[in-house]
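To start, the structure itself, in structure tokens.
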Amino acid sequence: MTIRKIQQVVPGMPASDGAGVKLIRSLGSANHLRADPFLMLDAFSSENPDDYVAGFPSHPHRGFETVTYLLDGHMLHEDHLGNRGNLKSGGVQWMTAGRGIIHSEMPQQENGRMRGFQLWINLPAKEKMKPAGYRDIQAEEIPVATFAGGSVKVIAGTFENTKGPVQGGYTDPIYWDVTLKPNEVFSQEIKDKSVYVYPFEGAIEIEDRVLKTHQGGVLGAGDTIAVKAGADGARFLVLAAKPIKEPVVQYGPFVMNTREEIEQAVRDYQSGELTKAA
């Protein structure tokens with residue numbers, strides 16, 4: 001058993017996206033701050049509607065997957081395929097942009113707390129031009145595994161004998177929301193995947209290095225992760241997936257392998273070709 005150590009600390013940086021939604025960006029705040037195949041991780045949390053009410057009006061994507069996990073609040077997803085989904089507290093929306101999708105994510109509340117995450121997962125070249133897809137996952141569909149030191153919400157992958165609603169896929173992702181009691185340790189075998197750990201409540205320790213709230217950690221080689229909560233306990237995301245090991249060229253909402261493919265994506269969006277059936 002080889003415990004994975006922190007290879008890189010990724011600080012959360014204040015940012016704004018959509019029509020002015022305030023957020024904290026960790027992965028993706030710079031091109032070198034990625035963890036193949038994870039391109040971006042945004043965290044948003046506010047009780048001030050001015051920080052989120054403008055939402056994310058219609059915009060395009062191509063070449064990757066977006067995963068929105070809402071801890072608190074209510075948002076509405078609509079896209080050009082006719083999908084319409086209400087994302088409520090504890091729920092997840094898993095969207096595969098593929099060759100192209102145009103969608104919006106708009107708050108359905110005018111006050112109260114809006115808190116959650118959006119993760120971008122890259123797709124391999126052979127999958128980038130597949131038809132777009134969309135899936136709503138309600139809070140009650142996400143199982144919670146408990147153990148002596150805490151609990152795990154299993155969104156994707158399998159924790160011990162608990163299977164999340166998302167299994168397999170292009171990069172075989174793991175997406176866990178882990179809660180740990182004070183000074184308890186979470187340990188789990190994860191082989192052959194990139195691993196990113198992101199504390200959003202409290203601080204955690206990995207092999208004698210501390211990650212504070214909103215400091216993400218890219219873990220190095222090994223087959224096991226071991227995370228210890230601080231004196232106040234902790235809650236953190238464990239994200240893992242098979243690396244793609246291909247060139248990444250990004251231009252805003254388009255992620256491809258070459259500049260030429262990006263230029264084609266822009267032309268396709270402008271002409272309407274991006275949303276036509278494959």
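Following the order of the structure tokens, first chain is A, next is B, and so on, with residues numbered from 1 inside each chain and ligands from 1 in the order they appear.
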
Considering only C-alpha atoms, give me a table of residues in segment 89-114 of chain A that are at most 12 Å from segment 31-55 of chain A, with the closest atom pair and distance in Å for each, as JSON lines.
```
{"residue": "A:His103", "atom": "CA", "partner": "A:Gly55", "partner_atom": "CA", "distance": 11.8}
{"residue": "A:Ser104", "atom": "CA", "partner": "A:Gly55", "partner_atom": "CA", "distance": 8.2}
{"residue": "A:Glu105", "atom": "CA", "partner": "A:Gly55", "partner_atom": "CA", "distance": 6.3}
{"residue": "A:Met106", "atom": "CA", "partner": "A:Gly55", "partner_atom": "CA", "distance": 4.7}
{"residue": "A:Pro107", "atom": "CA", "partner": "A:Val53", "partner_atom": "CA", "distance": 5.9}
{"residue": "A:Gln108", "atom": "CA", "partner": "A:Val53", "partner_atom": "CA", "distance": 8.3}
{"residue": "A:Gln109", "atom": "CA", "partner": "A:Val53", "partner_atom": "CA", "distance": 7.5}
{"residue": "A:Glu110", "atom": "CA", "partner": "A:Pro49", "partner_atom": "CA", "distance": 6.1}
{"residue": "A:Asn111", "atom": "CA", "partner": "A:Pro49", "partner_atom": "CA", "distance": 5.5}
{"residue": "A:Gly112", "atom": "CA", "partner": "A:Glu47", "partner_atom": "CA", "distance": 5.1}
{"residue": "A:Arg113", "atom": "CA", "partner": "A:Glu47", "partner_atom": "CA", "distance": 4.1}
{"residue": "A:Met114", "atom": "CA", "partner": "A:Ser45", "partner_atom": "CA", "distance": 5.6}
```

Generate the output file for the selected residues, C-alpha atoms, as an mmCIF file, in the first residue's frame.
```cif
data_model
loop_
_atom_site.group_PDB
_atom_site.id
_atom_site.type_symbol
_atom_site.label_atom_id
_atom_site.label_comp_id
_atom_site.auth_asym_id
_atom_site.auth_seq_id
_atom_site.Cartn_x
_atom_site.Cartn_y
_atom_site.Cartn_z
ATOM 1 C CA HIS A 103 -27.851 25.434 -22.386
ATOM 2 C CA SER A 104 -28.687 27.786 -19.544
ATOM 3 C CA GLU A 105 -28.571 27.363 -15.770
ATOM 4 C CA MET A 106 -30.739 29.936 -14.024
ATOM 5 C CA PRO A 107 -31.486 30.361 -10.292
ATOM 6 C CA GLN A 108 -35.104 29.738 -9.296
ATOM 7 C CA GLN A 109 -34.839 31.725 -6.067
ATOM 8 C CA GLU A 110 -34.545 35.393 -5.224
ATOM 9 C CA ASN A 111 -33.080 34.981 -1.745
ATOM 10 C CA GLY A 112 -31.503 32.370 0.511
ATOM 11 C CA ARG A 113 -28.278 30.425 0.150
ATOM 12 C CA MET A 114 -27.029 29.134 -3.194
#
```

For this session: Please provide the set of residues having any atom within 12 Å of Gly91 of chain A, restricted to only C-alpha atoms, with same-chain residues fewer than 5 positions apart removed, written as a list in words.
Result: Val67, Thr68, Tyr69, Leu70, Leu71, Asp72, Gly73, His74, Met75, Leu76, Gly85, Asn86, Arg115, Gly116, Phe117, Arg135, Asp136, Ile137, Gln138, Ala139, Glu140, Glu141, Ile142, Pro143, Lys153, Val154, Ile155 and Pro165 of chain A

For this session: Just the residues within 9 Å of Val249 of chain A, please, counting only C-alpha atoms, with nothing from its chain fewer than 6 positions along; format it as number ranges by chain.
Result: A: 255-259, 261-262

For this session: Go through A:Ser187, A:Glu127, A:Gly157, A:Gln118 one by one, measure the shortest atom-to-atom distance of each to Leu23 of chain A using only C-alpha atoms, and give the residue with the smallest value.
Result: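 Closest residue, counting only C-alpha atoms: A:Gln118.
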
Problem set entry | atom CA of Gly217 of chain A to atom CA of Lys22 of chain A, distance in Å rounded to a single decimal |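 A separation of 22.2 Å between them.
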
Contacts of Ala125 of chain A at 10 Å (only C-alpha atoms; same-chain gap of 6+ positions) as a tab-separated table (two decimals) with N, CA, C and O atoms, in the first residue's frame:
```tsv
chain	number	residue	atom	x	y	z
A	63	GLY	N	-16.94	19.27	-26.41
A	63	GLY	CA	-15.72	18.52	-26.17
A	63	GLY	C	-15.46	18.00	-24.78
A	63	GLY	O	-14.42	17.41	-24.53
A	64	PHE	N	-16.43	18.17	-23.83
A	64	PHE	CA	-16.18	17.73	-22.46
A	64	PHE	C	-17.50	17.51	-21.74
A	64	PHE	O	-18.59	17.67	-22.33
A	244	ILE	N	-6.48	11.10	-19.58
A	244	ILE	CA	-6.63	10.91	-21.02
A	244	ILE	C	-5.30	10.98	-21.74
A	244	ILE	O	-5.06	10.30	-22.73
A	246	GLU	N	-3.87	13.43	-23.57
A	246	GLU	CA	-3.94	14.01	-24.90
A	246	GLU	C	-3.77	15.52	-24.80
A	246	GLU	O	-4.01	16.10	-23.74
A	247	PRO	N	-3.39	16.18	-25.89
A	247	PRO	CA	-3.27	17.64	-25.85
A	247	PRO	C	-4.61	18.28	-25.53
A	247	PRO	O	-5.67	17.78	-25.94
A	248	VAL	N	-4.56	19.39	-24.79
A	248	VAL	CA	-5.76	20.13	-24.44
A	248	VAL	C	-5.64	21.55	-24.98
A	248	VAL	O	-4.70	22.28	-24.64
A	256	MET	N	-10.88	21.19	-27.10
A	256	MET	CA	-10.55	20.23	-28.14
A	256	MET	C	-9.07	19.83	-28.04
A	256	MET	O	-8.42	20.12	-27.03
A	257	ASN	N	-8.55	19.21	-29.09
A	257	ASN	CA	-7.15	18.75	-29.07
A	257	ASN	C	-6.22	19.63	-29.89
A	257	ASN	O	-5.01	19.60	-29.69
```

For this session: With a distance cut-off of 12 Å and only C-alpha atoms, select the neighbouring residues of Val266 of chain A, excluding the residue or stretch itself and same-chain residues fewer than 3 positions from it, and output the selection as a PyMOL selection string.
Result: chain A and resi 60-62+99-100+250-256+259-263+269-275

Members of segment 95-274 of chain A assigned strand (DSSP E or B) by DSSP, as a CSV table (one decimal) with N, CA and C atoms, in the first residue's frame:
```
chain,number,residue,atom,x,y,z
A,95,MET,N,-23.9,16.5,-17.5
A,95,MET,CA,-24.1,16.8,-19.0
A,95,MET,C,-22.9,16.5,-19.8
A,96,THR,N,-23.1,15.8,-20.9
A,96,THR,CA,-22.0,15.5,-21.8
A,96,THR,C,-22.2,16.4,-23.0
A,101,ILE,N,-23.7,21.5,-27.4
A,101,ILE,CA,-24.9,21.8,-26.7
A,101,ILE,C,-25.0,23.3,-26.3
A,102,ILE,N,-26.2,23.8,-26.3
A,102,ILE,CA,-26.4,25.2,-25.9
A,102,ILE,C,-27.4,25.1,-24.7
A,103,HIS,N,-27.0,25.6,-23.6
A,103,HIS,CA,-27.9,25.4,-22.4
A,103,HIS,C,-27.8,26.7,-21.5
A,104,SER,N,-28.7,26.7,-20.6
A,104,SER,CA,-28.7,27.8,-19.5
A,104,SER,C,-28.9,27.1,-18.2
A,105,GLU,N,-28.4,27.8,-17.2
A,105,GLU,CA,-28.6,27.4,-15.8
A,105,GLU,C,-29.0,28.6,-15.0
A,106,MET,N,-30.2,28.7,-14.6
A,106,MET,CA,-30.7,29.9,-14.0
A,106,MET,C,-31.3,29.7,-12.6
A,107,PRO,N,-30.9,30.5,-11.6
A,107,PRO,CA,-31.5,30.4,-10.3
A,107,PRO,C,-33.0,30.5,-10.3
A,114,MET,N,-27.3,29.9,-2.0
A,114,MET,CA,-27.0,29.1,-3.2
A,114,MET,C,-25.6,28.6,-3.0
A,115,ARG,N,-25.4,27.3,-3.0
A,115,ARG,CA,-24.1,26.7,-2.7
A,115,ARG,C,-23.9,25.5,-3.5
A,116,GLY,N,-22.8,25.3,-4.2
A,116,GLY,CA,-22.5,24.1,-4.9
A,116,GLY,C,-21.2,24.2,-5.7
A,117,PHE,N,-21.1,23.3,-6.7
A,117,PHE,CA,-19.9,23.2,-7.5
A,117,PHE,C,-20.2,22.9,-9.0
A,118,GLN,N,-19.3,23.3,-9.8
A,118,GLN,CA,-19.4,22.8,-11.2
A,118,GLN,C,-18.0,22.3,-11.6
A,119,LEU,N,-18.0,21.1,-12.1
A,119,LEU,CA,-16.8,20.4,-12.5
A,119,LEU,C,-16.8,20.2,-14.0
A,120,TRP,N,-15.7,20.4,-14.6
A,120,TRP,CA,-15.5,20.1,-16.1
A,120,TRP,C,-14.6,18.9,-16.2
A,121,ILE,N,-15.1,17.9,-16.9
A,121,ILE,CA,-14.3,16.6,-17.1
A,121,ILE,C,-14.0,16.5,-18.6
A,122,ASN,N,-12.8,16.4,-19.0
A,122,ASN,CA,-12.4,16.3,-20.4
A,122,ASN,C,-12.9,15.0,-21.0
A,133,GLY,N,-25.5,14.7,-24.4
A,133,GLY,CA,-26.4,13.9,-23.5
A,133,GLY,C,-26.6,14.7,-22.2
A,134,TYR,N,-27.6,14.4,-21.5
A,134,TYR,CA,-28.0,15.1,-20.2
A,134,TYR,C,-28.7,14.1,-19.3
A,135,ARG,N,-28.3,14.3,-18.0
A,135,ARG,CA,-28.9,13.4,-17.0
A,135,ARG,C,-29.2,14.2,-15.7
A,136,ASP,N,-30.4,14.1,-15.2
A,136,ASP,CA,-30.7,14.7,-13.9
A,136,ASP,C,-30.6,13.6,-12.8
A,137,ILE,N,-29.9,13.9,-11.7
A,137,ILE,CA,-29.8,12.9,-10.6
A,137,ILE,C,-30.4,13.6,-9.4
A,144,VAL,N,-25.7,7.3,0.5
A,144,VAL,CA,-24.8,7.7,1.5
A,144,VAL,C,-24.3,6.5,2.3
A,145,ALA,N,-22.9,6.3,2.3
A,145,ALA,CA,-22.3,5.3,3.0
A,145,ALA,C,-21.8,5.8,4.3
A,146,THR,N,-22.0,5.2,5.4
A,146,THR,CA,-21.5,5.7,6.7
A,146,THR,C,-20.4,4.7,7.3
A,147,PHE,N,-19.5,5.3,8.0
A,147,PHE,CA,-18.5,4.5,8.7
A,147,PHE,C,-18.2,5.2,10.0
A,150,GLY,N,-17.3,9.0,9.8
A,150,GLY,CA,-18.0,9.9,9.0
A,150,GLY,C,-18.9,9.3,8.0
A,151,SER,N,-19.1,10.0,6.8
A,151,SER,CA,-20.0,9.5,5.8
A,151,SER,C,-19.5,9.9,4.4
A,152,VAL,N,-20.0,9.2,3.4
A,152,VAL,CA,-19.6,9.5,2.0
A,152,VAL,C,-20.9,9.5,1.2
A,153,LYS,N,-21.1,10.6,0.5
A,153,LYS,CA,-22.2,10.7,-0.6
A,153,LYS,C,-21.5,10.2,-1.9
A,154,VAL,N,-22.0,9.1,-2.4
A,154,VAL,CA,-21.4,8.5,-3.6
A,154,VAL,C,-22.1,8.9,-4.8
A,155,ILE,N,-21.6,9.9,-5.5
A,155,ILE,CA,-22.3,10.5,-6.7
A,155,ILE,C,-21.8,9.6,-7.9
A,156,ALA,N,-20.5,9.4,-8.0
A,156,ALA,CA,-20.0,8.6,-9.1
A,156,ALA,C,-18.9,7.6,-8.6
A,158,THR,N,-17.7,3.8,-7.0
A,158,THR,CA,-18.1,2.9,-5.9
A,158,THR,C,-17.2,3.1,-4.7
A,159,PHE,N,-17.9,3.3,-3.6
A,159,PHE,CA,-17.1,3.4,-2.3
A,159,PHE,C,-17.5,2.1,-1.5
A,162,THR,N,-20.9,0.5,-1.9
A,162,THR,CA,-22.0,1.4,-2.2
A,162,THR,C,-21.7,2.0,-3.6
A,163,LYS,N,-22.6,1.8,-4.5
A,163,LYS,CA,-22.4,2.3,-5.9
A,163,LYS,C,-23.2,3.6,-6.1
A,166,VAL,N,-23.7,7.2,-11.1
A,166,VAL,CA,-22.9,7.3,-12.3
A,166,VAL,C,-21.8,6.2,-12.2
A,174,ILE,N,-14.7,9.0,-10.3
A,174,ILE,CA,-15.2,9.0,-8.9
A,174,ILE,C,-15.5,10.4,-8.5
A,175,TYR,N,-16.7,10.5,-7.8
A,175,TYR,CA,-17.1,11.8,-7.3
A,175,TYR,C,-17.7,11.5,-5.9
A,176,TRP,N,-17.0,11.8,-4.9
A,176,TRP,CA,-17.4,11.6,-3.5
A,176,TRP,C,-17.5,12.9,-2.7
A,177,ASP,N,-18.5,13.0,-1.9
A,177,ASP,CA,-18.6,14.1,-1.0
A,177,ASP,C,-18.5,13.5,0.4
A,178,VAL,N,-17.3,13.7,1.0
A,178,VAL,CA,-16.9,13.1,2.3
A,178,VAL,C,-17.1,14.0,3.5
A,179,THR,N,-17.7,13.5,4.5
A,179,THR,CA,-17.8,14.3,5.8
A,179,THR,C,-17.0,13.5,6.9
A,180,LEU,N,-16.1,14.2,7.5
A,180,LEU,CA,-15.3,13.5,8.6
A,180,LEU,C,-15.5,14.2,9.9
A,185,VAL,N,-9.9,9.8,10.3
A,185,VAL,CA,-9.2,9.6,9.0
A,185,VAL,C,-10.1,8.8,8.0
A,186,PHE,N,-10.0,9.3,6.8
A,186,PHE,CA,-10.7,8.6,5.7
A,186,PHE,C,-9.6,8.0,4.8
A,187,SER,N,-9.7,6.7,4.6
A,187,SER,CA,-8.7,6.0,3.8
A,187,SER,C,-9.4,5.1,2.8
A,188,GLN,N,-8.9,5.1,1.6
A,188,GLN,CA,-9.5,4.3,0.5
A,188,GLN,C,-8.6,4.1,-0.6
A,189,GLU,N,-8.6,2.9,-1.2
A,189,GLU,CA,-7.7,2.5,-2.3
A,189,GLU,C,-8.3,3.1,-3.6
A,194,SER,N,-6.1,9.8,-11.8
A,194,SER,CA,-5.7,11.1,-11.2
A,194,SER,C,-6.7,11.3,-10.0
A,195,VAL,N,-6.1,12.0,-9.0
A,195,VAL,CA,-6.9,12.2,-7.8
A,195,VAL,C,-6.8,13.7,-7.4
A,196,TYR,N,-7.9,14.3,-7.1
A,196,TYR,CA,-7.9,15.7,-6.7
A,196,TYR,C,-8.8,15.8,-5.4
A,197,VAL,N,-8.4,16.4,-4.4
A,197,VAL,CA,-9.1,16.5,-3.1
A,197,VAL,C,-9.3,18.0,-2.8
A,198,TYR,N,-10.6,18.3,-2.5
A,198,TYR,CA,-11.0,19.7,-2.3
A,198,TYR,C,-11.8,19.9,-1.0
A,199,PRO,N,-11.2,20.4,0.0
A,199,PRO,CA,-12.0,20.7,1.3
A,199,PRO,C,-12.8,22.0,1.1
A,200,PHE,N,-14.1,21.9,1.4
A,200,PHE,CA,-14.9,23.1,1.4
A,200,PHE,C,-15.5,23.5,2.7
A,201,GLU,N,-15.3,22.6,3.7
A,201,GLU,CA,-15.6,22.9,5.1
A,201,GLU,C,-14.5,22.4,6.0
A,202,GLY,N,-13.8,23.3,6.7
A,202,GLY,CA,-12.7,22.8,7.6
A,202,GLY,C,-11.5,22.6,6.8
A,203,ALA,N,-10.5,22.0,7.5
A,203,ALA,CA,-9.2,21.7,7.0
A,203,ALA,C,-8.9,20.3,7.1
A,204,ILE,N,-8.0,19.8,6.2
A,204,ILE,CA,-7.6,18.4,6.1
A,204,ILE,C,-6.1,18.2,6.1
A,205,GLU,N,-5.7,17.1,6.4
A,205,GLU,CA,-4.2,16.8,6.4
A,205,GLU,C,-4.0,15.5,5.5
A,206,ILE,N,-3.0,15.6,4.6
A,206,ILE,CA,-2.7,14.4,3.8
A,206,ILE,C,-1.2,14.3,3.9
A,209,ARG,N,0.8,17.2,5.2
A,209,ARG,CA,0.6,18.6,4.6
A,209,ARG,C,-0.9,18.9,4.8
A,210,VAL,N,-1.1,20.2,5.1
A,210,VAL,CA,-2.5,20.7,5.4
A,210,VAL,C,-3.0,21.4,4.2
A,211,LEU,N,-4.3,21.1,3.9
A,211,LEU,CA,-5.1,21.8,3.0
A,211,LEU,C,-6.2,22.6,3.7
A,215,GLN,N,-8.6,25.1,-0.6
A,215,GLN,CA,-7.2,24.8,-1.2
A,215,GLN,C,-7.3,23.4,-1.7
A,216,GLY,N,-7.3,23.2,-3.0
A,216,GLY,CA,-7.3,21.8,-3.5
A,216,GLY,C,-5.9,21.2,-3.6
A,217,GLY,N,-5.9,19.9,-3.6
A,217,GLY,CA,-4.7,19.1,-3.6
A,217,GLY,C,-4.7,18.1,-4.8
A,218,VAL,N,-3.7,18.3,-5.7
A,218,VAL,CA,-3.5,17.2,-6.7
A,218,VAL,C,-2.6,16.2,-6.1
A,219,LEU,N,-3.0,14.9,-6.0
A,219,LEU,CA,-2.2,13.9,-5.4
A,219,LEU,C,-1.3,13.2,-6.4
A,224,THR,N,-3.4,4.5,-2.7
A,224,THR,CA,-4.4,4.7,-1.5
A,224,THR,C,-4.3,6.2,-1.1
A,225,ILE,N,-5.5,6.7,-0.8
A,225,ILE,CA,-5.6,8.1,-0.2
A,225,ILE,C,-5.9,8.0,1.2
A,226,ALA,N,-5.3,8.8,2.0
A,226,ALA,CA,-5.5,8.9,3.5
A,226,ALA,C,-5.7,10.3,3.9
A,227,VAL,N,-6.9,10.7,4.3
A,227,VAL,CA,-7.2,12.1,4.6
A,227,VAL,C,-7.6,12.2,6.1
A,228,LYS,N,-6.9,13.1,6.8
A,228,LYS,CA,-7.3,13.3,8.2
A,228,LYS,C,-8.0,14.7,8.4
A,229,ALA,N,-9.1,14.7,9.1
A,229,ALA,CA,-9.8,15.9,9.4
A,229,ALA,C,-9.1,16.7,10.5
A,230,GLY,N,-9.3,18.0,10.5
A,230,GLY,CA,-8.8,18.9,11.5
A,230,GLY,C,-9.6,18.8,12.8
A,231,ALA,N,-9.3,19.6,13.7
A,231,ALA,CA,-9.9,19.6,15.0
A,231,ALA,C,-11.4,19.9,15.0
A,232,ASP,N,-11.8,20.6,13.9
A,232,ASP,CA,-13.2,21.0,13.8
A,232,ASP,C,-14.0,20.1,12.8
A,233,GLY,N,-13.4,19.0,12.4
A,233,GLY,CA,-14.0,18.1,11.4
A,233,GLY,C,-13.8,18.7,10.0
A,234,ALA,N,-14.3,18.0,9.0
A,234,ALA,CA,-14.1,18.5,7.6
A,234,ALA,C,-15.1,17.9,6.7
A,235,ARG,N,-15.3,18.6,5.6
A,235,ARG,CA,-16.1,18.1,4.5
A,235,ARG,C,-15.3,18.4,3.2
A,236,PHE,N,-15.2,17.4,2.3
A,236,PHE,CA,-14.3,17.6,1.1
A,236,PHE,C,-14.8,16.7,0.0
A,237,LEU,N,-14.4,17.1,-1.2
A,237,LEU,CA,-14.7,16.3,-2.4
A,237,LEU,C,-13.5,15.5,-2.7
A,238,VAL,N,-13.7,14.2,-3.1
A,238,VAL,CA,-12.7,13.4,-3.7
A,238,VAL,C,-13.1,13.2,-5.1
A,239,LEU,N,-12.2,13.6,-6.1
A,239,LEU,CA,-12.5,13.5,-7.5
A,239,LEU,C,-11.3,12.7,-8.1
A,240,ALA,N,-11.7,11.7,-8.8
A,240,ALA,CA,-10.7,10.8,-9.4
A,240,ALA,C,-11.2,10.3,-10.8
A,241,ALA,N,-10.3,10.1,-11.7
A,241,ALA,CA,-10.7,9.6,-13.0
A,241,ALA,C,-9.4,9.2,-13.8
A,249,VAL,N,-6.6,21.9,-25.9
A,249,VAL,CA,-6.6,23.3,-26.4
A,249,VAL,C,-8.0,23.8,-26.0
A,250,GLN,N,-8.1,24.9,-25.2
A,250,GLN,CA,-9.3,25.4,-24.7
A,250,GLN,C,-9.5,26.8,-25.2
A,251,TYR,N,-10.7,27.1,-25.6
A,251,TYR,CA,-11.1,28.5,-25.9
A,251,TYR,C,-12.5,28.7,-25.3
A,254,PHE,N,-15.2,25.8,-25.3
A,254,PHE,CA,-14.8,24.7,-26.2
A,254,PHE,C,-13.5,24.1,-25.8
A,255,VAL,N,-13.4,22.8,-25.7
A,255,VAL,CA,-12.2,22.1,-25.3
A,255,VAL,C,-11.9,21.0,-26.3
A,256,MET,N,-10.9,21.2,-27.1
A,256,MET,CA,-10.6,20.2,-28.1
A,256,MET,C,-9.1,19.8,-28.0
```

Problem set entry | Residues flagged alpha helix (DSSP H) by DSSP in segment 98-273 of chain A, as a PyMOL selection string | chain A and resi 259-271

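Between atom CA of Arg267 of chain A and atom CA of Pro243 of chain A lies a distance of 29.0 Å.
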
For this session: Go ahead and compute the interatomic distance for atom CA of Lys212 of chain A and atom CA of Pro11 of chain A, in Å to one decimal.
Result: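 Atom CA of Lys212 of chain A sits 9.2 Å away from atom CA of Pro11 of chain A.
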
For this session: Give the answer as one residue: which of A:Gly28, A:Pro124, A:Pro173, A:Pro182 has the shortest atom-to-atom distance to Ala148 of chain A, using only C-alpha atoms?
Result: A:Pro182
